[in-house]
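Written out below as structure tokens is the structure these notes cover.
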Amino acid sequence: MLLLISATPPCQGGNILVFPIEGSHWVNMEILLEKLHTRGHTLTVLRMTDSLHVKENSPLYTTLNIPSTFEGMYENFGQFIEEHFKLQREGSSVMTFSKMTRNLHSMLTNVHTVHCDALDKAMEDEEFRRRLKEPMFDMLLTDPALAPGVFLAKYLSLPLVLNVRWTAGIDGQLVAAPSPLSYIPMVGSGLTDNMTFFERIQNVLYYGIFLFHKEFMIKPIYSALCDKYLGQPCDIYDLCQEADILLFRSDFVFDFPRPTMPNIFYIGGYQCKPSQPLPADLESFVQSAGKHGVILFTLGTMVKSLPTELADEIAAVFAKMPHKVIWKNLGDRPSTLGNNTLMVDWMPQVDLLGHPQTKVLVGHGGTNGIQEAIYHGVPVLGIPVFFDQYDNLLRLERKGAARILELADFNAKNFESNLREILQQQSYRENMQRLSRLFRDQPMTPMGLAIFWVEYVIRNKGASHLRTEAYKMPWYSYYCFDVMLLFFAALVVQVLATVAFCRFLCCRKTNTKTKQH
């Protein structure tokens with residue numbers, strides 16, 4: 001016990017303000033909060049009053065409620081998913097891509113607007129502002145995929161730690177670290193770090209789409225908050241770069257190698273843990289699979305159900321398999337569902353992935369599920385839906401541990417052939433287990449790393465010495481265009497001076513000859 005105590009630097013319990021967001025992002029954040037709570041830290045969580053996932057009463061934290069303006073937002077998100085499924089099933093075309101991009105950016109802009117409006121209305125209340133300022137918080141911890149928490153850290157002048165995968169609509173590394181477009185693929189591009197000339201053109205075009213979305217759709221939403229409460233304009237992406245520490249939910253077993261910065265710490269898989277025994281009824285079902293084993297099927301926290309036609313196709317294929325299937329689904333029971341398939345509202349995914357009977361995960365490619373599959377060495381058949389899911393699965397497919405089946409190409413025959421290939425080709429499991437060994441072979445657990453740096457910020461009242469000041473530079477200085485322009489101007493002056501001098505000598509020689517004649 002003494003050895004364990006001495007292994008981690010002591011830290012007096014801090015007072016931490018937390019601004020989380022919904023869905024799988026909250027699942028990640030809550031795991032981190034559980035660990036911080038056991039370390040003696042006091043946690044205050046800012047929570048929307050109609051939050052679906054963040055509980056108002058918890059033994060881990062106290063809540064500070066923000067009156068929500070979410071009315072209709074969850075229904076709108078459900079409609080967006082429905083429309084997104086339909087568009088993907090139409091097949092690949094420029095028109096389909098344009099519609100999907102427009103719908104995605106419109107939905108994201110709406111979500112940012114709703115959160116900023118809710119915070120704005122809350123901050124108009126003097127009592128709410130008092131409760132923000134009186135406790136003397138030591139730091140603010142937030143997920144910047146939605147960035148009101150980043151704004152609040154600036155408003156309250158608090159050290160800022162980001163639990164990050166996204167920053168206001170784009171991969172956090174693109175904002176925080178050098179990202180050469182020649183070998184850093186943009187999220188959504190479906191590219192790898194080994195691009196041809198035409199793929200680099202495609203990557204630059206994707207970057208242009210991001211810049212448009214950033215400059216004209218996202219930044220103005222947060223600029224309004226800054227103007228009102230900070231008394232000056234601000235760039236939300238600059239505020240993200242002011243963060244003391246970025247706890248980045250990825251690692252280089254999974255991601256492509258790329259430049260990084262001294263205040264970015266990679267904690268991919270920090271939510272992963274050894275599996276626990278299953279409930280008796282679920283264990284009995286899993287064991288009944290015998291030598292064939294079990295297939296897990298889930299599309300995460302945000303996709304509650306599938307379109308009827310698609311669900312029927314999937315259920316019919318599962319019914320043919322000798323394996324048992326556990327399917328997380330909140331929708332209607334497919335008409336083709338076989339006796340070998342158990343439909344559940346919720347599944348202990350980590351415990352099932354760690355069970356020796358589990359043979360494959362059929363999933364959407366969300367970051368949590370991908371990392372848990374790597375940790376437990378279970379190969380993946382990916383059916384990406386939106387956001388970064390295709391890119392996540394692409395990284396696994398590149399390493400020989402997954403296959404991707406896009407909705408545009410989805411039919412019962414393709415689904416069955418891909419599923420059978422992963423189950424029958426031992427290389428998929430071997431490759432994933434190799435990744436699992438690399439994933440676990442670290443000098444410090446990802447959770448231990450995350451806790452160390454949170455407490456480091458509390459102990460030292462920030463970590464500004466790890467933060468680059470490059471974000472304060474104008475773009476032309478960052479890329480040294482002004483230096484190159486000076487060099488070019490000097491070269492031009494030198495060339496012109498040389499030409500003028502040569503002309504002067506020639507004219508003088510001509511004049512001398514004329515006088516002699």
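How things are named: the first chain in the structure tokens is A, the next is B, and so on; residues count from 1 in each chain; ligands count from 1 in the order shown.
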Practice item. Just the residues within 6 Å of region 426-439 of chain A, please, counting only C-alpha atoms, with nothing from its chain fewer than 2 positions along; format it as an MDAnalysis selection string. Key: chainID A and resid 374:375 377 379 400:401 441
Write the selection just made, keeping N, CA and C atoms, as a PDB file, in the first residue's frame?
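File part_39.pdb, as written:
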```pdb
ATOM      1  N   ILE A 374     -10.181  -3.137 -29.540  1.00  0.00           N
ATOM      2  CA  ILE A 374      -8.721  -3.286 -29.594  1.00  0.00           C
ATOM      3  C   ILE A 374      -8.208  -3.839 -28.265  1.00  0.00           C
ATOM      4  N   TYR A 375      -8.656  -3.249 -27.175  1.00  0.00           N
ATOM      5  CA  TYR A 375      -8.194  -3.663 -25.844  1.00  0.00           C
ATOM      6  C   TYR A 375      -8.419  -5.152 -25.622  1.00  0.00           C
ATOM      7  N   GLY A 377      -9.034  -7.409 -28.093  1.00  0.00           N
ATOM      8  CA  GLY A 377      -8.578  -8.217 -29.218  1.00  0.00           C
ATOM      9  C   GLY A 377      -9.684  -8.840 -30.046  1.00  0.00           C
ATOM     10  N   PRO A 379     -11.970  -8.663 -33.445  1.00  0.00           N
ATOM     11  CA  PRO A 379     -12.048  -8.020 -34.769  1.00  0.00           C
ATOM     12  C   PRO A 379     -13.411  -7.379 -34.997  1.00  0.00           C
ATOM     13  N   GLY A 400      -5.429  -4.565 -40.873  1.00  0.00           N
ATOM     14  CA  GLY A 400      -5.862  -5.947 -41.064  1.00  0.00           C
ATOM     15  C   GLY A 400      -6.710  -6.498 -39.944  1.00  0.00           C
ATOM     16  N   ALA A 401      -7.390  -5.612 -39.169  1.00  0.00           N
ATOM     17  CA  ALA A 401      -8.170  -6.071 -38.018  1.00  0.00           C
ATOM     18  C   ALA A 401      -9.659  -5.816 -38.180  1.00  0.00           C
ATOM     19  N   ASP A 441       0.794  -2.405 -23.747  1.00  0.00           N
ATOM     20  CA  ASP A 441       2.220  -2.347 -23.405  1.00  0.00           C
ATOM     21  C   ASP A 441       2.648  -0.887 -23.260  1.00  0.00           C
TER      22      ASP A 441
END
```
Non-local contacts of region 292-298 of chain A (6 Å; only C-alpha atoms; under 3 positions in same chain excluded) as a PDB file with N, CA and C atoms, in the first residue's frame:
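Saved as out.pdb:
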```pdb
ATOM      1  N   ALA A 289     -23.791 -20.940 -27.030  1.00  0.00           N
ATOM      2  CA  ALA A 289     -23.258 -20.829 -28.396  1.00  0.00           C
ATOM      3  C   ALA A 289     -22.280 -21.941 -28.725  1.00  0.00           C
ATOM      4  N   HIS A 323     -23.791 -19.151 -35.041  1.00  0.00           N
ATOM      5  CA  HIS A 323     -23.406 -18.436 -33.826  1.00  0.00           C
ATOM      6  C   HIS A 323     -24.635 -17.904 -33.102  1.00  0.00           C
ATOM      7  N   LYS A 324     -24.460 -17.540 -31.845  1.00  0.00           N
ATOM      8  CA  LYS A 324     -25.468 -16.765 -31.129  1.00  0.00           C
ATOM      9  C   LYS A 324     -25.159 -15.279 -31.349  1.00  0.00           C
ATOM     10  N   VAL A 325     -26.202 -14.478 -31.355  1.00  0.00           N
ATOM     11  CA  VAL A 325     -26.069 -13.044 -31.631  1.00  0.00           C
ATOM     12  C   VAL A 325     -26.719 -12.250 -30.505  1.00  0.00           C
ATOM     13  N   ILE A 326     -26.007 -11.220 -30.028  1.00  0.00           N
ATOM     14  CA  ILE A 326     -26.584 -10.281 -29.067  1.00  0.00           C
ATOM     15  C   ILE A 326     -26.654  -8.930 -29.756  1.00  0.00           C
ATOM     16  N   TRP A 327     -27.861  -8.405 -29.875  1.00  0.00           N
ATOM     17  CA  TRP A 327     -28.130  -7.210 -30.685  1.00  0.00           C
ATOM     18  C   TRP A 327     -28.746  -6.144 -29.793  1.00  0.00           C
ATOM     19  N   LYS A 328     -28.039  -4.999 -29.670  1.00  0.00           N
ATOM     20  CA  LYS A 328     -28.611  -3.863 -28.939  1.00  0.00           C
ATOM     21  C   LYS A 328     -29.495  -3.071 -29.887  1.00  0.00           C
ATOM     22  N   GLN A 357     -15.905 -16.215 -25.542  1.00  0.00           N
ATOM     23  CA  GLN A 357     -16.845 -16.690 -26.552  1.00  0.00           C
ATOM     24  C   GLN A 357     -17.127 -15.657 -27.646  1.00  0.00           C
ATOM     25  N   THR A 358     -16.774 -14.390 -27.414  1.00  0.00           N
ATOM     26  CA  THR A 358     -17.075 -13.346 -28.391  1.00  0.00           C
ATOM     27  C   THR A 358     -16.104 -13.423 -29.567  1.00  0.00           C
ATOM     28  N   LYS A 359     -16.643 -13.520 -30.776  1.00  0.00           N
ATOM     29  CA  LYS A 359     -15.830 -13.721 -31.976  1.00  0.00           C
ATOM     30  C   LYS A 359     -15.669 -12.462 -32.828  1.00  0.00           C
ATOM     31  N   VAL A 360     -16.696 -11.609 -32.859  1.00  0.00           N
ATOM     32  CA  VAL A 360     -16.629 -10.413 -33.703  1.00  0.00           C
ATOM     33  C   VAL A 360     -17.586  -9.363 -33.160  1.00  0.00           C
ATOM     34  N   LEU A 361     -17.208  -8.085 -33.339  1.00  0.00           N
ATOM     35  CA  LEU A 361     -18.096  -6.967 -33.037  1.00  0.00           C
ATOM     36  C   LEU A 361     -18.566  -6.370 -34.357  1.00  0.00           C
ATOM     37  N   VAL A 362     -19.877  -6.349 -34.569  1.00  0.00           N
ATOM     38  CA  VAL A 362     -20.464  -5.637 -35.706  1.00  0.00           C
ATOM     39  C   VAL A 362     -20.931  -4.296 -35.156  1.00  0.00           C
ATOM     40  N   GLY A 363     -20.304  -3.209 -35.626  1.00  0.00           N
ATOM     41  CA  GLY A 363     -20.600  -1.915 -35.020  1.00  0.00           C
ATOM     42  C   GLY A 363     -20.410  -0.763 -35.978  1.00  0.00           C
TER      43      GLY A 363
END
```
Practice item. Find, counting only C-alpha atoms, the residue in A:Thr468, A:Asn57, A:Thr44, A:Ser477 that gets nearest to Pro135 (chain A). Key: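 Checking each of A:Thr468, A:Asn57, A:Thr44, A:Ser477 against Pro135 (chain A), counting only C-alpha atoms, the winner is A:Thr44.
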**Study point:** Near-Tyr222 (chain A) list (10 Å; only C-alpha atoms; drop same-chain fewer than 5 positions) as an MDAnalysis selection string
**Key:** chainID A and resid 112:113 116:117 147:148 150:151 217 227 233:237
Expected file: the selected residues, all heavy atoms, as a compact mmCIF listing (two decimals), in the first residue's frame:
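And here is the file that came out, result.txt:
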```txt
# COMPACT_ATOMS: atom_id res chain seq x y z
N HIS A 112 -24.65 23.60 -31.77
CA HIS A 112 -23.81 24.64 -31.16
C HIS A 112 -24.67 25.84 -30.74
O HIS A 112 -24.49 26.39 -29.65
CB HIS A 112 -22.73 25.10 -32.14
CG HIS A 112 -21.60 24.13 -32.30
ND1 HIS A 112 -20.61 23.99 -31.37
CD2 HIS A 112 -21.30 23.26 -33.29
CE1 HIS A 112 -19.75 23.07 -31.78
NE2 HIS A 112 -20.15 22.62 -32.95
N THR A 113 -25.59 26.24 -31.61
CA THR A 113 -26.43 27.40 -31.32
C THR A 113 -27.30 27.16 -30.09
O THR A 113 -27.42 28.03 -29.21
CB THR A 113 -27.33 27.71 -32.53
OG1 THR A 113 -26.50 27.96 -33.67
CG2 THR A 113 -28.21 28.91 -32.27
N CYS A 116 -25.13 27.34 -26.90
CA CYS A 116 -24.71 28.72 -26.60
C CYS A 116 -25.90 29.56 -26.13
O CYS A 116 -25.76 30.37 -25.19
CB CYS A 116 -24.05 29.35 -27.82
SG CYS A 116 -22.39 28.73 -28.14
N ASP A 117 -27.06 29.38 -26.75
CA ASP A 117 -28.25 30.13 -26.32
C ASP A 117 -28.62 29.76 -24.89
O ASP A 117 -28.99 30.64 -24.09
CB ASP A 117 -29.43 29.83 -27.25
CG ASP A 117 -29.28 30.51 -28.61
OD1 ASP A 117 -28.39 31.36 -28.75
OD2 ASP A 117 -30.05 30.17 -29.52
N ALA A 147 -18.35 23.83 -27.48
CA ALA A 147 -17.32 24.62 -26.80
C ALA A 147 -17.78 25.68 -25.80
O ALA A 147 -16.98 26.55 -25.45
CB ALA A 147 -16.43 25.27 -27.85
N PRO A 148 -19.02 25.65 -25.29
CA PRO A 148 -19.36 26.62 -24.24
C PRO A 148 -18.44 26.53 -23.02
O PRO A 148 -18.15 27.54 -22.38
CB PRO A 148 -20.81 26.26 -23.87
CG PRO A 148 -21.36 25.66 -25.10
CD PRO A 148 -20.22 24.89 -25.70
N VAL A 150 -15.26 25.89 -23.05
CA VAL A 150 -14.02 26.60 -23.39
C VAL A 150 -14.21 28.10 -23.16
O VAL A 150 -13.34 28.78 -22.59
CB VAL A 150 -13.62 26.31 -24.85
CG1 VAL A 150 -12.38 27.10 -25.24
CG2 VAL A 150 -13.37 24.81 -25.05
N PHE A 151 -15.36 28.62 -23.58
CA PHE A 151 -15.67 30.03 -23.34
C PHE A 151 -15.72 30.33 -21.84
O PHE A 151 -15.20 31.35 -21.38
CB PHE A 151 -17.01 30.39 -24.01
CG PHE A 151 -17.66 31.60 -23.42
CD1 PHE A 151 -17.21 32.87 -23.73
CD2 PHE A 151 -18.71 31.46 -22.50
CE1 PHE A 151 -17.80 33.99 -23.15
CE2 PHE A 151 -19.29 32.57 -21.93
CZ PHE A 151 -18.84 33.84 -22.25
N MET A 217 -19.92 29.40 -40.00
CA MET A 217 -21.04 28.75 -39.32
C MET A 217 -20.80 28.57 -37.82
O MET A 217 -21.74 28.68 -37.03
CB MET A 217 -21.34 27.40 -39.98
CG MET A 217 -21.67 27.52 -41.46
SD MET A 217 -21.98 25.95 -42.29
CE MET A 217 -23.67 25.61 -41.79
N ASP A 227 -18.44 38.72 -27.28
CA ASP A 227 -18.76 40.15 -27.35
C ASP A 227 -19.59 40.57 -26.14
O ASP A 227 -19.38 41.65 -25.58
CB ASP A 227 -19.54 40.46 -28.64
CG ASP A 227 -18.67 40.33 -29.88
OD1 ASP A 227 -17.44 40.35 -29.74
OD2 ASP A 227 -19.24 40.21 -30.98
N PRO A 233 -14.10 40.62 -29.11
CA PRO A 233 -14.29 39.46 -29.99
C PRO A 233 -13.30 38.35 -29.63
O PRO A 233 -12.25 38.61 -29.04
CB PRO A 233 -14.02 40.02 -31.39
CG PRO A 233 -13.14 41.20 -31.15
CD PRO A 233 -13.55 41.78 -29.83
N CYS A 234 -13.65 37.13 -29.96
CA CYS A 234 -12.73 36.02 -29.72
C CYS A 234 -12.93 34.96 -30.79
O CYS A 234 -13.96 34.92 -31.46
CB CYS A 234 -12.94 35.40 -28.33
SG CYS A 234 -14.48 34.47 -28.17
N ASP A 235 -11.93 34.14 -30.96
CA ASP A 235 -11.97 33.00 -31.87
C ASP A 235 -12.00 31.75 -31.01
O ASP A 235 -11.06 31.50 -30.24
CB ASP A 235 -10.73 33.02 -32.77
CG ASP A 235 -10.74 31.92 -33.81
OD1 ASP A 235 -11.30 30.84 -33.54
OD2 ASP A 235 -10.17 32.13 -34.89
N ILE A 236 -13.07 30.97 -31.10
CA ILE A 236 -13.22 29.82 -30.21
C ILE A 236 -12.09 28.81 -30.42
O ILE A 236 -11.68 28.11 -29.49
CB ILE A 236 -14.60 29.14 -30.40
CG1 ILE A 236 -14.92 28.21 -29.24
CG2 ILE A 236 -14.69 28.40 -31.73
CD1 ILE A 236 -15.04 28.89 -27.91
N TYR A 237 -11.53 28.77 -31.61
CA TYR A 237 -10.43 27.85 -31.88
C TYR A 237 -9.14 28.33 -31.22
O TYR A 237 -8.32 27.53 -30.77
CB TYR A 237 -10.26 27.65 -33.39
CG TYR A 237 -11.47 27.01 -34.00
CD1 TYR A 237 -12.49 27.80 -34.56
CD2 TYR A 237 -11.66 25.63 -33.99
CE1 TYR A 237 -13.63 27.21 -35.10
CE2 TYR A 237 -12.79 25.05 -34.52
CZ TYR A 237 -13.77 25.84 -35.07
OH TYR A 237 -14.90 25.26 -35.58
```
Give me, as JSON lines, each residue of region 115-175 of chain A that comes within 10 Å of region 257-269 of chain A, together with its shortest interatomic pair and the distance in Å at one decimal, counting only C-alpha atoms, with rows ordered by chain and rising residue number.
```
{"residue": "A:Val161", "atom": "CA", "partner": "A:Asn263", "partner_atom": "CA", "distance": 9.9}
{"residue": "A:Leu162", "atom": "CA", "partner": "A:Ile264", "partner_atom": "CA", "distance": 9.5}
{"residue": "A:Asn163", "atom": "CA", "partner": "A:Ile267", "partner_atom": "CA", "distance": 9.3}
{"residue": "A:Val164", "atom": "CA", "partner": "A:Ile267", "partner_atom": "CA", "distance": 9.7}
{"residue": "A:Arg165", "atom": "CA", "partner": "A:Gly268", "partner_atom": "CA", "distance": 9.6}
{"residue": "A:Gly172", "atom": "CA", "partner": "A:Ile264", "partner_atom": "CA", "distance": 10.0}
{"residue": "A:Gln173", "atom": "CA", "partner": "A:Thr260", "partner_atom": "CA", "distance": 7.6}
{"residue": "A:Leu174", "atom": "CA", "partner": "A:Thr260", "partner_atom": "CA", "distance": 9.9}
```
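Between Asp251 (chain A) and the candidates A:Ala402, A:Leu156, A:Ile370, A:Ala463, the tightest atom-to-atom separation, counting only C-alpha atoms, involves A:Ile370.
In this model, the gap between CA of Asn15 (chain A) and CA of Leu43 (chain A) comes to 6.2 Å.
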Practice item. Any chance you could list, as a PyMOL selection string, the residues in region 220-297 of chain A that come up strand (DSSP E) when DSSP is run on the backbone? Key: chain A and resi 245-248+264-266+294-297
Can I get the selected residues back with N, CA, C and O atoms, as a compact mmCIF listing (two decimals), in the first residue's frame?
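Result file part28.txt:
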```
# COMPACT_ATOMS: atom_id res chain seq x y z
N ILE A 245 -3.87 21.76 -20.92
CA ILE A 245 -3.62 20.34 -21.24
C ILE A 245 -4.73 19.82 -22.13
O ILE A 245 -5.91 20.14 -21.93
N LEU A 246 -4.36 19.02 -23.13
CA LEU A 246 -5.34 18.30 -23.94
C LEU A 246 -5.17 16.81 -23.68
O LEU A 246 -4.13 16.23 -23.99
N LEU A 247 -6.16 16.21 -23.05
CA LEU A 247 -6.19 14.75 -22.86
C LEU A 247 -6.88 14.18 -24.09
O LEU A 247 -8.11 14.25 -24.21
N PHE A 248 -6.09 13.64 -25.00
CA PHE A 248 -6.61 13.28 -26.32
C PHE A 248 -7.01 11.81 -26.34
O PHE A 248 -6.19 10.93 -26.07
N ILE A 264 -0.19 17.89 -25.29
CA ILE A 264 -1.17 16.88 -25.72
C ILE A 264 -0.73 15.52 -25.17
O ILE A 264 0.40 15.08 -25.44
N PHE A 265 -1.61 14.87 -24.44
CA PHE A 265 -1.30 13.55 -23.87
C PHE A 265 -2.35 12.56 -24.34
O PHE A 265 -3.55 12.79 -24.20
N TYR A 266 -1.89 11.46 -24.90
CA TYR A 266 -2.77 10.52 -25.57
C TYR A 266 -3.26 9.47 -24.58
O TYR A 266 -2.47 8.71 -24.02
N VAL A 294 -20.05 -16.11 -30.13
CA VAL A 294 -21.08 -15.06 -30.11
C VAL A 294 -20.67 -13.89 -31.00
O VAL A 294 -19.49 -13.52 -31.07
N ILE A 295 -21.66 -13.31 -31.67
CA ILE A 295 -21.50 -12.07 -32.44
C ILE A 295 -22.21 -10.95 -31.68
O ILE A 295 -23.37 -11.11 -31.27
N LEU A 296 -21.53 -9.81 -31.50
CA LEU A 296 -22.14 -8.64 -30.87
C LEU A 296 -22.49 -7.62 -31.96
O LEU A 296 -21.71 -7.39 -32.87
N PHE A 297 -23.67 -7.02 -31.83
CA PHE A 297 -24.09 -6.01 -32.79
C PHE A 297 -24.65 -4.81 -32.04
O PHE A 297 -25.62 -4.91 -31.30
```
Could you pull the residues within 7 Å of region 317-321 of chain A, counting only C-alpha atoms, minus those fewer than 2 positions along the same chain, as an mmCIF file with N, CA, C and O atoms, in the first residue's frame?
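Below is the file result_23.cif, written as the result:
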```cif
data_model
loop_
_atom_site.group_PDB
_atom_site.id
_atom_site.type_symbol
_atom_site.label_atom_id
_atom_site.label_comp_id
_atom_site.auth_asym_id
_atom_site.auth_seq_id
_atom_site.Cartn_x
_atom_site.Cartn_y
_atom_site.Cartn_z
ATOM 1 N N GLU A 313 -32.957 -7.193 -43.232
ATOM 2 C CA GLU A 313 -31.852 -7.814 -43.965
ATOM 3 C C GLU A 313 -30.786 -8.336 -42.998
ATOM 4 O O GLU A 313 -30.284 -9.459 -43.152
ATOM 5 N N ILE A 314 -30.445 -7.518 -42.006
ATOM 6 C CA ILE A 314 -29.421 -7.917 -41.036
ATOM 7 C C ILE A 314 -29.895 -9.110 -40.220
ATOM 8 O O ILE A 314 -29.151 -10.082 -40.024
ATOM 9 N N ALA A 315 -31.145 -9.064 -39.752
ATOM 10 C CA ALA A 315 -31.681 -10.158 -38.932
ATOM 11 C C ALA A 315 -31.715 -11.465 -39.713
ATOM 12 O O ALA A 315 -31.436 -12.541 -39.161
ATOM 13 N N HIS A 323 -23.791 -19.151 -35.041
ATOM 14 C CA HIS A 323 -23.406 -18.436 -33.826
ATOM 15 C C HIS A 323 -24.635 -17.904 -33.102
ATOM 16 O O HIS A 323 -25.715 -17.784 -33.676
ATOM 17 N N LEU A 337 -36.181 -12.082 -37.572
ATOM 18 C CA LEU A 337 -35.287 -12.397 -36.456
ATOM 19 C C LEU A 337 -35.278 -13.900 -36.169
ATOM 20 O O LEU A 337 -36.328 -14.542 -36.073
ATOM 21 N N GLY A 338 -34.065 -14.467 -36.035
ATOM 22 C CA GLY A 338 -33.929 -15.888 -35.769
ATOM 23 C C GLY A 338 -33.911 -16.211 -34.276
ATOM 24 O O GLY A 338 -33.740 -15.324 -33.428
ATOM 25 N N ASN A 340 -31.637 -17.629 -32.728
ATOM 26 C CA ASN A 340 -30.269 -17.509 -32.192
ATOM 27 C C ASN A 340 -29.914 -16.083 -31.788
ATOM 28 O O ASN A 340 -28.801 -15.831 -31.325
ATOM 29 N N ALA A 412 -27.918 -7.962 -48.185
ATOM 30 C CA ALA A 412 -27.780 -9.178 -47.376
ATOM 31 C C ALA A 412 -26.579 -10.006 -47.816
ATOM 32 O O ALA A 412 -25.843 -10.551 -46.980
ATOM 33 N N GLU A 416 -23.387 -10.799 -45.393
ATOM 34 C CA GLU A 416 -23.075 -12.180 -45.008
ATOM 35 C C GLU A 416 -21.647 -12.559 -45.408
ATOM 36 O O GLU A 416 -20.913 -13.173 -44.624
#
```
